[in-house]
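Asks: Please see the structure below; I have some questions.
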Amino acid sequence: MTVREVEQLEWEMAEGNFSRLLSFSMLVQLMKDNNPVLYGKYLKKLKLTANERNILTRLIIGTILTYKYNMEIPRDAHIYMSGIICKVFPDEQPHIYYSPASKGKCPGGKLYNAYHNQRRKYKDVGGDSGGVLRN
């Protein structure tokens with residue numbers, strides 16, 4: 001993505017439109033291109049293991065953060081992406097991927113954790129590119 005495309009994506013997310021962040025077809029293509037095991041599970045409609053859920057969320061978040069490593073992904077986007085995962089893998093439960101904060105509990109879930117862990121890694125690396133990773 002170009003810097004302008006990243007800015008457009010961020011603007012759309014601020015407006016509540018997350019369709020360019022992740023869609024059903026984008027997730028299927030992402031798995032097809034990067035992880036044949038996950039793609040095979042999708043084709044055969046098989047359940048994911050806990051490890052495969054971790055791999056899937058790291059793949060999704062890693063791809064998004066390659067556009068801009070310090071991109072803010074709002075709570076509603078996590079909810080949206082959880083729904084997309086559950087459409088691709090109907091046996092999955094959204095709360096596995098994102099659980100919003102509630103009284104006395106912090107937000108959590110595999111997407112949320114992958115997002116914060118990956119951002120921490122990028123933050124440790126630093127850089128002066130304004131958050132946009134350049135190829």
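We name chains A, B, ... following the order of the structure tokens; residues begin at 1 in each chain, and ligands are numbered from 1 as shown.
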Mind checking which residues fall within 12 Å of A:Tyr39, counting only C-alpha atoms, ignoring those fewer than 3 positions away in the same chain, and posting them as a VMD selection string?
Replies: chain A and resid 25 27 to 36 42 to 48 52 55 to 56 88 to 89
Asks: Would you please give, as number ranges by chain, all residues of chain A that DSSP assigns to alpha helix (DSSP H) based on the backbone?
Replies: A: 3-14, 24-34, 36-44, 50-67, 75-88, 94-97, 110-125
Asks: For A:Leu9, find every residue with an atom within 9 Å (counting only C-alpha atoms), except residues of its own chain fewer than 6 positions away, and show them as number ranges by chain.
Replies: A: 17-18, 20-21
Asks: Please produce a file of the residues just selected, as a short mmCIF file (atom, residue, chain, number, x, y, z; two decimals), in the first residue's frame, where the atoms kept are all heavy atoms.
Replies:
```cif
data_model
loop_
_atom_site.label_atom_id
_atom_site.label_comp_id
_atom_site.auth_asym_id
_atom_site.auth_seq_id
_atom_site.Cartn_x
_atom_site.Cartn_y
_atom_site.Cartn_z
N ASN A 17 -15.83 2.22 8.62
CA ASN A 17 -15.82 1.32 7.47
C ASN A 17 -14.56 0.47 7.52
O ASN A 17 -13.46 0.98 7.31
CB ASN A 17 -15.88 2.13 6.17
CG ASN A 17 -15.85 1.25 4.94
OD1 ASN A 17 -15.80 0.02 5.02
ND2 ASN A 17 -15.87 1.87 3.78
N PHE A 18 -14.72 -0.82 7.78
CA PHE A 18 -13.57 -1.70 7.95
C PHE A 18 -13.42 -2.69 6.79
O PHE A 18 -12.59 -3.59 6.85
CB PHE A 18 -13.69 -2.48 9.27
CG PHE A 18 -13.95 -1.58 10.45
CD1 PHE A 18 -15.14 -1.64 11.13
CD2 PHE A 18 -13.00 -0.64 10.84
CE1 PHE A 18 -15.39 -0.81 12.21
CE2 PHE A 18 -13.23 0.20 11.91
CZ PHE A 18 -14.44 0.11 12.60
N ARG A 20 -12.12 -2.52 3.85
CA ARG A 20 -10.81 -2.61 3.19
C ARG A 20 -9.73 -3.14 4.12
O ARG A 20 -8.65 -3.50 3.67
CB ARG A 20 -10.38 -1.25 2.64
CG ARG A 20 -11.17 -0.89 1.40
CD ARG A 20 -10.63 0.26 0.61
NE ARG A 20 -9.68 1.12 1.26
CZ ARG A 20 -8.57 1.58 0.67
NH1 ARG A 20 -8.31 1.25 -0.56
NH2 ARG A 20 -7.77 2.38 1.32
N LEU A 21 -10.03 -3.19 5.41
CA LEU A 21 -9.10 -3.75 6.37
C LEU A 21 -9.04 -5.26 6.23
O LEU A 21 -7.97 -5.87 6.18
CB LEU A 21 -9.53 -3.35 7.78
CG LEU A 21 -8.60 -3.69 8.93
CD1 LEU A 21 -7.28 -2.93 8.78
CD2 LEU A 21 -9.26 -3.33 10.25
#
```
Asks: Could you pull the residues within 9 Å of stretch 112-124 of chain A, counting only C-alpha atoms, minus those fewer than 5 positions along the same chain, as a list in words?
Replies: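 Here the qualifying residues turn out to be Asn54, Thr57, Arg58, Ile60, Ile61, Gly62, Leu65, Tyr69, Asn70, Met71, Ile73, Arg75, His78, Tyr97, Tyr98, Ser99 and Pro107 of chain A.
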Asks: For A:Ile64, which of A:Val6, A:Val37, A:Asp76, A:Asn51 is the closest residue, counting only C-alpha atoms?
Replies: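 Of all the options, A:Val6 lies closest to A:Ile64.
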Asks: Have a look at A:Glu15, A:Thr66, A:Ile79, A:Lys87 and name the one nearest to A:Pro100; count only C-alpha atoms.
Replies: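 For A:Pro100, the nearest of the candidates is A:Ile79.
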Asks: Just checking: using only C-alpha atoms, which residue out of A:Ala101, A:Val3, A:Ile84, A:Leu22 ends up closest to A:Thr63?
Replies: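 Checking each candidate against A:Thr63, we get A:Leu22 as the closest.
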Asks: Using the chain letters and numbers from this document, which residues of chain A does DSSP assign to strand (DSSP E or B), as a ChimeraX atom specification?
Replies: /A:99,102,105,108
Asks: May I have the residues from that selection written out with N, CA, C and O atoms, as a short mmCIF file (atom, residue, chain, number, x, y, z; two decimals), in the first residue's frame?
Replies:
```
data_model
loop_
_atom_site.label_atom_id
_atom_site.label_comp_id
_atom_site.auth_asym_id
_atom_site.auth_seq_id
_atom_site.Cartn_x
_atom_site.Cartn_y
_atom_site.Cartn_z
N SER A 99 -12.60 -9.93 22.87
CA SER A 99 -13.52 -9.75 24.00
C SER A 99 -13.35 -8.32 24.48
O SER A 99 -12.27 -7.95 24.94
N SER A 102 -14.78 -5.16 30.00
CA SER A 102 -16.00 -5.14 30.81
C SER A 102 -15.59 -4.78 32.23
O SER A 102 -14.41 -4.66 32.53
N LYS A 105 -12.40 -6.06 33.81
CA LYS A 105 -11.61 -6.86 32.87
C LYS A 105 -11.11 -5.99 31.72
O LYS A 105 -11.85 -5.17 31.19
N GLY A 108 -9.45 -8.37 25.46
CA GLY A 108 -8.58 -9.50 25.19
C GLY A 108 -9.01 -10.24 23.94
O GLY A 108 -9.82 -9.76 23.15
#
```
